[in-house]
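Reviewing the structure listed below.
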Amino acid sequence: MTASGSARAVVRRGTAITAIALLGIAAVYVLAFDYTPIEARQGMAQKIFYVHVPAAWSALLAFSLVGIVSALYLWLKDPRLDRFAAASAEVGLAFSAVMLTTGPIWAKPIWGTWWTWDARLTLTLFLFFLFIGYLALRAALQDPAERARFSAVVGILGLLLVPFIHLSVYLFRTLHPQPIVLKPSAPSLPPEMLRTLLVSGSAFLLLYLGLVTIRYGLAVAEEAAEGRADAT
Amino acid sequence: MPSSDGAAEPLLAATGLRRSYGRLRVLHDLAITVHGGDAVAVAGPNGAGKTTLLRVLAGLARPERGEIRIEGRPLRRDAPEVRRAIGLVSHHSLLYDDLTLTENLTFAARLYGVPQPAAAARAALEAAGLGGRADESPRRLSRGLAQRAAIARALLHRPRLLLLDEPFTALDAVAAERLREELRARLREGLGLVIVTHHLGEVWDVASRIAVLVGGRWVCDEPRSGGIEHFLPRYQGLIGD
Amino acid sequence: MIEWLRLALTVAGKDVRAELRSRTALLSAVVFAALVLVVFNFARDPTALAAVDLAPSVLWVTFALAAMLALNRAFTIEKENAALDGLLLAPIPREALFLGKLLANLAFVGTVEAVTLPLFVLFFNVDLGAALPGIIGVTALATIGFVTVGTIFSAMAVRTRFAELMLPVLLLPFMVPPLIGAVQVTARLLAGRPLSEMMGWLRLLALYDVVFVILCSLAFTAVVDE
């Protein structure tokens, strides 16, 4: 199969996975509104948690994969790994952006403030900036080998930064007690909420995989087009 | 001119060198062997891959495939000592404008662990005829003198293999002849030379072998024989494709 | 190991000597730091908050911004002189080369900090007193952290067109943990708090330094070798 032919196949596969994922998310909406109980203190606004939390998880997964796959790239030098890392970064950026917009939308009615420096929101904000830095560096480098090597280094260093961010935020918050935060991810979650959360988590995971596959396929198509241009 | 120690371990033995830039392959499974006393002139049109080849041989760029052995030892990232046998004279002088010539060469001597670096630096500058300018910045030097300083720097650590990238560029006739004399002296000392050139005429009298690179492939690799007048038409034919 | 250190010091020494000759980056960074302090002074309402409450933040934001300016120097000098090949040709392990660049950067940034601190004391009328040794210590710890990551990122940024923009975009997230730690410890030192209250932060700073010095040294070859 030609390069652009296989690229189309990959994009088709990715689109299929994404479609299933979107159906899953639609199901989550239904579950969230009809199936799960209304949370006592936060009311309807709490329901955004079913989108907010899995989006954050997906962003973190995307970021971790960028780091791990970058390390593999530096070891194995397979350009497919670099392509995957770049695709994961773009999708991760999108998820972080979603999380950073749904977060404030949720926070305002609950806590009366658009932004809180709670652990999850802060970490996602950092992921957002790390993704941007990674993608900005890639955009600024022309040589594919150099671009792959440099962004791999940033990916790995970024992944190792995450525990330090976590630790700093944790230390910071224990010394600066925030207003009593109602954390819906409290251990005693009613089973309906837990199930809906798991469904949502799976749907978002599928969405991540689908979008990364599409992006990967597009990258293959781009390179195939460039290859033809080089050859002429 | 046959090499003096043809039976000994070659100074440089490279095989199967492959290097790409993105999807563009620049070197196609190249091989090259250099013995002490050899002077290989590498010629070819622009974009043939000559400079890339030199960078790969110097250990500055890693080939995707292939092996390079310097005096029998493989040139690898984790064996920095092997680089000690190599000297490079490239388009860039590798000198810092904010330091004097003496400081520049002393720094280079220290990098290579040359004993008594400052003395070695001064001696090298004297030998290159730059003793009077030793306390000046490289930016004040003419092209010919800067070239001499770059060569002095490259030879400080007594490499066995000297790689030169278009060293005759922008040199006047006097400086060019001086350079040829310098190279012949090195050959007599048993160094091996690889000289990338744009202009075969400048290097013809020094070279013992002529190799022509076109599109990342050798189209010619043979001992120099006869005058350049006989070779030039053939050369035009080779690079004309 | 000794040879390694000698090579690193040789590289660092060359950078320091070259910078002392031209002094451009050093002076710019120092002047910048002074100006930032002046701006901070006018940007606050003196009646609202005591200087000593704001002091740690002001000091560390200034240090961080000035460091960003100074950091680009180590690799622009190689780019300007097209001299990086000279360093890569030599039989030096890349980790030693990184260490040399790191030491040179620490010297630059350390100098800027050493000049900024007295200015800070002067402008903000802060009495360091017994806190001075502690402040020097925490400054060293935090500076090692962000200069290490800044060194490897500046090696990358210098290959892009807008190095001065690329470096902050890449580096600022990495500066946050050392910065938080430094500000927290500085605040406690100025308030005369006991050492036990700072141990968590100091451990964080030390761990950050160890992890990133090792990691960046090992990753350096991926940046400079083609």
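Ligands are numbered from 1 in the order shown, residues from 1 within each chain, and chains are lettered A, B, ... in the order they appear in the structure tokens.
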Helix (DSSP H, G or I) residues, from DSSP on the backbone, in stretch 16-235 of chain B, as an MDAnalysis selection string = chainID B and resid 50:58 80:85 101:111 117:127 131:133 138:140 143:155 173:188 200:203 228:235
Compile the residues of chain B that lie within 6 Å of chain C, evaluated using only C-alpha atoms, and express the compilation as a VMD selection string.
-> chain B and resid 61 80 to 81 83 to 84 94 96 98
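For chain B, the residues within 8 Å of chain A are Tyr21, Gly22, Arg23 and Leu24 of chain B, with only C-alpha atoms used to measure distance.
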With N, CA and C atoms kept, could you save the residues just selected as a compact mmCIF listing (two decimals), in the first residue's frame?
```
# COMPACT_ATOMS: atom_id res chain seq x y z
N TYR B 21 19.02 13.50 5.34
CA TYR B 21 18.48 14.72 5.93
C TYR B 21 16.99 14.67 5.68
N GLY B 22 16.24 14.33 6.74
CA GLY B 22 14.82 14.08 6.52
C GLY B 22 14.67 12.86 5.64
N ARG B 23 13.96 13.01 4.55
CA ARG B 23 13.76 11.86 3.67
C ARG B 23 14.82 11.82 2.58
N LEU B 24 15.67 12.83 2.55
CA LEU B 24 16.65 12.93 1.48
C LEU B 24 17.92 12.21 1.89
```
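Minimum atom-to-atom distances from C:Ala187, C:Val112, C:Met156, C:Leu165 to chain A were compared using only C-alpha atoms, and the lowest value belongs to C:Met156.
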Any idea what's packed within 8 Å of A:Gly210, counting only C-alpha atoms, ignoring anything in its chain fewer than 2 positions away? Could you give it as an NGL selection string?
-> :A and (13-18 or 21 or 206-208 or 212-214)
Restricted to C-alpha atoms, what would the selected residues look like written as an mmCIF file, in the first residue's frame?
```
data_model
loop_
_atom_site.group_PDB
_atom_site.id
_atom_site.type_symbol
_atom_site.label_atom_id
_atom_site.label_comp_id
_atom_site.auth_asym_id
_atom_site.auth_seq_id
_atom_site.Cartn_x
_atom_site.Cartn_y
_atom_site.Cartn_z
ATOM 1 C CA ARG A 13 -9.552 3.647 11.757
ATOM 2 C CA GLY A 14 -9.025 6.634 14.018
ATOM 3 C CA THR A 15 -12.275 8.209 12.906
ATOM 4 C CA ALA A 16 -14.135 5.004 13.692
ATOM 5 C CA ILE A 17 -12.667 4.845 17.182
ATOM 6 C CA THR A 18 -13.450 8.517 17.736
ATOM 7 C CA ALA A 21 -15.889 7.359 21.799
ATOM 8 C CA LEU A 206 -11.179 5.842 23.567
ATOM 9 C CA LEU A 207 -11.466 9.434 22.452
ATOM 10 C CA TYR A 208 -7.787 9.929 23.173
ATOM 11 C CA VAL A 212 -4.219 10.276 18.342
ATOM 12 C CA THR A 213 -4.761 7.706 15.605
ATOM 13 C CA ILE A 214 -6.297 10.334 13.335
#
```
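Across the model, the gap from atom CA of C:Val158 to atom CA of C:Leu179 is 24.2 Å.
Summary of the local environment: counting only C-alpha atoms, residues at most 9 Å from C:Ile180, other than itself and those fewer than 4 positions away along its chain, are Ser168, Val169 and Phe172 of chain A; Met175, Val176, Gln184, Val185 and Trp201 of chain C.
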Go ahead and write the selection's residues with N, CA and C atoms as a PDB file, in the first residue's frame.
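Final file, selection.pdb:
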```
ATOM      1  N   SER A 168       5.359  20.174  44.990  1.00  0.00           N
ATOM      2  CA  SER A 168       5.362  21.594  45.362  1.00  0.00           C
ATOM      3  C   SER A 168       3.957  22.062  45.691  1.00  0.00           C
ATOM      4  N   VAL A 169       3.002  21.673  44.845  1.00  0.00           N
ATOM      5  CA  VAL A 169       1.631  22.121  45.085  1.00  0.00           C
ATOM      6  C   VAL A 169       1.128  21.533  46.396  1.00  0.00           C
ATOM      7  N   PHE A 172       2.716  23.360  49.195  1.00  0.00           N
ATOM      8  CA  PHE A 172       2.187  24.716  49.199  1.00  0.00           C
ATOM      9  C   PHE A 172       0.819  24.749  49.853  1.00  0.00           C
TER      10      PHE A 172
ATOM     11  N   MET C 175      10.886  26.276  36.136  1.00  0.00           N
ATOM     12  CA  MET C 175      11.413  27.140  37.187  1.00  0.00           C
ATOM     13  C   MET C 175      10.489  27.178  38.389  1.00  0.00           C
ATOM     14  N   VAL C 176       9.247  26.756  38.206  1.00  0.00           N
ATOM     15  CA  VAL C 176       8.290  26.930  39.290  1.00  0.00           C
ATOM     16  C   VAL C 176       8.625  26.158  40.563  1.00  0.00           C
ATOM     17  N   GLN C 184       9.470  30.230  49.637  1.00  0.00           N
ATOM     18  CA  GLN C 184       9.009  29.766  50.949  1.00  0.00           C
ATOM     19  C   GLN C 184      10.134  29.793  51.969  1.00  0.00           C
ATOM     20  N   VAL C 185      11.298  29.299  51.555  1.00  0.00           N
ATOM     21  CA  VAL C 185      12.413  29.263  52.502  1.00  0.00           C
ATOM     22  C   VAL C 185      12.887  30.679  52.823  1.00  0.00           C
ATOM     23  N   TRP C 201      10.851  21.927  52.178  1.00  0.00           N
ATOM     24  CA  TRP C 201      11.201  22.691  50.985  1.00  0.00           C
ATOM     25  C   TRP C 201      12.651  22.482  50.580  1.00  0.00           C
TER      26      TRP C 201
END
```
Kindly determine which residues of chain A lie within 8 Å of chain C, considering only C-alpha atoms, and give the answer as a short mmCIF file (atom, residue, chain, number, x, y, z; two decimals) with N, CA and C atoms, in the first residue's frame.
```
data_model
loop_
_atom_site.label_atom_id
_atom_site.label_comp_id
_atom_site.auth_asym_id
_atom_site.auth_seq_id
_atom_site.Cartn_x
_atom_site.Cartn_y
_atom_site.Cartn_z
N LEU A 74 14.53 8.07 21.80
CA LEU A 74 15.97 8.33 21.93
C LEU A 74 16.76 7.04 21.96
N PHE A 126 -0.19 23.31 34.30
CA PHE A 126 1.21 23.07 33.96
C PHE A 126 1.34 22.18 32.74
N PHE A 129 0.89 24.23 29.69
CA PHE A 129 2.07 25.00 29.29
C PHE A 129 3.20 24.12 28.78
N LEU A 130 3.34 22.95 29.36
CA LEU A 130 4.39 22.05 28.88
C LEU A 130 4.07 21.57 27.46
N GLY A 133 4.90 24.42 25.15
CA GLY A 133 6.35 24.53 24.96
C GLY A 133 6.85 23.46 23.99
N TYR A 134 6.41 22.24 24.20
CA TYR A 134 6.81 21.11 23.35
C TYR A 134 6.43 21.39 21.90
N ALA A 136 5.60 24.27 20.51
CA ALA A 136 6.26 25.48 19.99
C ALA A 136 7.67 25.15 19.52
N LEU A 137 8.37 24.34 20.30
CA LEU A 137 9.73 23.95 19.90
C LEU A 137 9.70 23.16 18.60
N ALA A 140 9.31 25.29 15.65
CA ALA A 140 10.44 26.18 15.35
C ALA A 140 11.64 25.45 14.75
N LEU A 141 11.54 24.14 14.61
CA LEU A 141 12.68 23.38 14.09
C LEU A 141 12.32 22.74 12.77
N GLU A 146 16.49 16.62 14.09
CA GLU A 146 16.75 17.53 15.20
C GLU A 146 15.47 17.77 15.99
N ARG A 149 14.70 14.74 18.13
CA ARG A 149 15.60 14.61 19.28
C ARG A 149 15.30 15.64 20.34
N PHE A 150 15.17 16.91 19.93
CA PHE A 150 14.98 17.98 20.89
C PHE A 150 13.65 17.81 21.62
N VAL A 153 13.76 15.23 24.26
CA VAL A 153 14.39 15.66 25.51
C VAL A 153 13.40 16.45 26.35
N LEU A 157 12.09 15.40 30.10
CA LEU A 157 12.28 16.32 31.23
C LEU A 157 10.93 16.75 31.79
N GLY A 158 9.97 16.99 30.90
CA GLY A 158 8.65 17.40 31.34
C GLY A 158 8.00 16.34 32.20
N LEU A 161 9.23 16.43 35.53
CA LEU A 161 8.86 17.62 36.28
C LEU A 161 7.56 17.39 37.04
N PHE A 164 7.50 16.75 40.67
CA PHE A 164 7.93 17.92 41.44
C PHE A 164 6.82 18.96 41.54
N ILE A 165 6.05 19.11 40.47
CA ILE A 165 4.92 20.04 40.51
C ILE A 165 3.94 19.57 41.58
N LEU A 167 4.46 17.66 44.10
CA LEU A 167 5.03 17.81 45.44
C LEU A 167 4.98 19.26 45.89
N SER A 168 5.36 20.17 44.99
CA SER A 168 5.36 21.59 45.36
C SER A 168 3.96 22.06 45.69
N LEU A 171 2.93 20.62 49.07
CA LEU A 171 3.56 21.33 50.18
C LEU A 171 2.96 22.73 50.33
#
```
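Taking atom CA of A:Ala97 and atom CA of A:Thr124 as the two end points, the separation is 8.7 Å.
Within 12 Å of C:Ala114, once only C-alpha atoms are used and residues closer than 3 positions along the same chain are dropped, the contacting residues are Leu26, Ala29, Val30, Ala33, Ala34, Leu59, Phe63, Ala66, Leu106, Ala107, Phe108, Val109, Gly110, Thr111, Leu117, Pro118, Leu119, Phe120, Val121, Leu132, Ile135, Ile136, Thr139, Ala140 and Thr143 of chain C.
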